[in-house]
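Participant: Have a look at the structure that comes next, please.
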Amino acid sequence: MPRYLIAEQADGRYVLTFESQYGQDTLINAEQDCRSVHECYSALATEWLRGDMSPSVTIDFRFHRDVHYVVIESTPGYLPEDDDPAVFDSIDDAMVYASDRLSSLLDHIVDGQSVVWTPEGGWQDANPVGFEVNGSFAESGSVLVYDKSREHDLGRVIRIVETDANGEPL
């Protein structure tokens with residue numbers, strides 16, 4: 001079924017597109033400086049008067065949401081320790097921060113594996129056992145890190161959560 005899509009952009013402009021089984025056609029694009037949904041209705045009225053609009057058409061609206069990205073660090077199965085997590089306006093800034101947190105965590109794990117307490121009662125240099133990282137910020141928005149030198153390590157999760165203006169996850 002053909003449909004028209006009115007979408008509000010982040011800068012307050014509107015875009016109007018027509019989608020059907022034959023493809024997509026843009027009637028109003030962001031470069032046309034359309035700042036009112038009424039202009040979109042006028043374009044729809046023009047389509048209707050020209051006879052290009054089918055009576056069985058659907059009109060969808062997509063309004064811009066104020067989106068933020070929160071970086072949360074926690075142990076799986078437990079609440080996050082930070083009551084005031086880092087909040088960013090762009091996914092790129094959130095990914096840089098999350099990557100820095102991951103790097104710091106891996107440095108901490110590797111530093112902790114450089115020496116061990118021996119059964120004989122002394123410190124001894126040890127070969128680092130390493131760590132395991134599952135996931136990706138680019139693909140899933142989260143990583144799970146395990147310290148392989150610990151027998152019962154629950155791991156550590158660093159994830160990026162998309163939230164609305166009220167901090168509620170989307």
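Just remember, in the structure tokens the first chain shown is A, the second B, etc., residues are 1-based per chain, and ligands are 1-based in the order shown.
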Could you give me, as JSON, numbers by chain, each residue of segment 10-116 of chain A that DSSP assigns to strand (DSSP E) when run on this structure's backbone?

Facilitator: {"A": [14, 15, 16, 17, 18, 19, 20, 23, 24, 25, 26, 27, 28, 58, 59, 60, 61, 62, 68, 69, 70, 71, 72, 73, 74, 86, 87, 88, 115, 116]}

Participant: Next, write the just-selected residues to a file, as a tab-separated table (two decimals), in the first residue's frame, keeping N, CA and C atoms as the atom set.

Facilitator:
chain	number	residue	atom	x	y	z
A	14	TYR	N	11.12	19.87	7.84
A	14	TYR	CA	10.32	18.69	7.53
A	14	TYR	C	10.67	18.14	6.16
A	15	VAL	N	10.55	16.85	6.02
A	15	VAL	CA	10.77	16.17	4.75
A	15	VAL	C	9.50	15.37	4.46
A	16	LEU	N	9.05	15.40	3.22
A	16	LEU	CA	7.86	14.65	2.82
A	16	LEU	C	8.25	13.71	1.69
A	17	THR	N	8.05	12.43	1.91
A	17	THR	CA	8.37	11.44	0.89
A	17	THR	C	7.16	10.57	0.61
A	18	PHE	N	7.14	10.02	-0.60
A	18	PHE	CA	6.10	9.09	-1.02
A	18	PHE	C	6.77	7.75	-1.27
A	19	GLU	N	6.22	6.70	-0.66
A	19	GLU	CA	6.78	5.36	-0.81
A	19	GLU	C	5.70	4.44	-1.37
A	20	SER	N	6.09	3.63	-2.37
A	20	SER	CA	5.17	2.64	-2.93
A	20	SER	C	5.99	1.42	-3.32
A	23	GLY	N	9.09	2.23	-5.40
A	23	GLY	CA	10.22	2.98	-4.87
A	23	GLY	C	9.79	4.15	-4.01
A	24	GLN	N	10.70	5.10	-3.88
A	24	GLN	CA	10.48	6.25	-3.01
A	24	GLN	C	10.74	7.52	-3.79
A	25	ASP	N	9.91	8.54	-3.58
A	25	ASP	CA	10.05	9.82	-4.24
A	25	ASP	C	9.95	10.91	-3.18
A	26	THR	N	10.89	11.85	-3.17
A	26	THR	CA	10.87	12.93	-2.20
A	26	THR	C	10.12	14.11	-2.78
A	27	LEU	N	9.08	14.57	-2.09
A	27	LEU	CA	8.29	15.71	-2.53
A	27	LEU	C	8.80	17.00	-1.92
A	28	ILE	N	9.21	16.97	-0.65
A	28	ILE	CA	9.85	18.10	0.01
A	28	ILE	C	11.09	17.55	0.69
A	58	THR	N	-1.67	5.95	2.98
A	58	THR	CA	-1.44	6.11	4.41
A	58	THR	C	-0.50	7.29	4.62
A	59	ILE	N	-0.76	8.09	5.64
A	59	ILE	CA	0.13	9.19	5.99
A	59	ILE	C	0.72	8.90	7.36
A	60	ASP	N	2.04	8.80	7.42
A	60	ASP	CA	2.76	8.55	8.67
A	60	ASP	C	3.53	9.79	9.07
A	61	PHE	N	3.63	10.01	10.37
A	61	PHE	CA	4.38	11.13	10.90
A	61	PHE	C	5.55	10.60	11.73
A	62	ARG	N	6.71	11.18	11.56
A	62	ARG	CA	7.86	10.87	12.40
A	62	ARG	C	8.42	12.18	12.90
A	68	HIS	N	19.57	11.38	23.59
A	68	HIS	CA	20.85	11.44	24.29
A	68	HIS	C	21.40	10.03	24.38
A	69	TYR	N	22.69	9.94	24.65
A	69	TYR	CA	23.36	8.65	24.77
A	69	TYR	C	24.04	8.60	26.14
A	70	VAL	N	23.72	7.56	26.91
A	70	VAL	CA	24.25	7.39	28.26
A	70	VAL	C	25.20	6.21	28.26
A	71	VAL	N	26.37	6.39	28.85
A	71	VAL	CA	27.34	5.30	28.97
A	71	VAL	C	27.23	4.74	30.38
A	72	ILE	N	26.89	3.45	30.46
A	72	ILE	CA	26.67	2.78	31.74
A	72	ILE	C	27.71	1.68	31.90
A	73	GLU	N	28.29	1.61	33.08
A	73	GLU	CA	29.26	0.57	33.40
A	73	GLU	C	28.75	-0.19	34.62
A	74	SER	N	28.73	-1.53	34.54
A	74	SER	CA	28.23	-2.31	35.67
A	74	SER	C	28.76	-3.74	35.61
A	86	ALA	N	27.59	9.24	32.56
A	86	ALA	CA	27.97	10.22	31.54
A	86	ALA	C	26.90	10.25	30.44
A	87	VAL	N	26.47	11.46	30.07
A	87	VAL	CA	25.43	11.66	29.05
A	87	VAL	C	26.02	12.48	27.91
A	88	PHE	N	25.72	12.06	26.68
A	88	PHE	CA	26.26	12.73	25.50
A	88	PHE	C	25.14	13.01	24.50
A	115	VAL	N	52.00	-9.53	38.77
A	115	VAL	CA	52.62	-10.33	39.84
A	115	VAL	C	51.54	-11.12	40.56
A	116	VAL	N	51.94	-12.24	41.17
A	116	VAL	CA	51.00	-13.07	41.93
A	116	VAL	C	51.63	-13.44	43.27

Participant: Which residues are close to Ile91 of chain A, i.e. within 9 Å by only C-alpha atoms, leaving aside same-chain residues fewer than 2 positions away? Reply as a list of chain:residue names.

Facilitator: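 Selected residues are A:His68, A:Tyr69, A:Phe88, A:Asp89, A:Asp93, A:Ala94, A:Met95, A:Val96, A:Ile160, A:Glu162.
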
Participant: When you draw a straight line from atom CA of Arg156 of chain A to atom CA of Leu102 of chain A, how long is it in Å?

Facilitator: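 Computed distance, atom CA of Arg156 of chain A to atom CA of Leu102 of chain A, equals 9.5 Å.
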
Participant: Would you work out the distance separating atom CA of Val143 of chain A from atom CA of Leu106 of chain A, expressed in Å to one decimal?

Facilitator: 11.9 Å
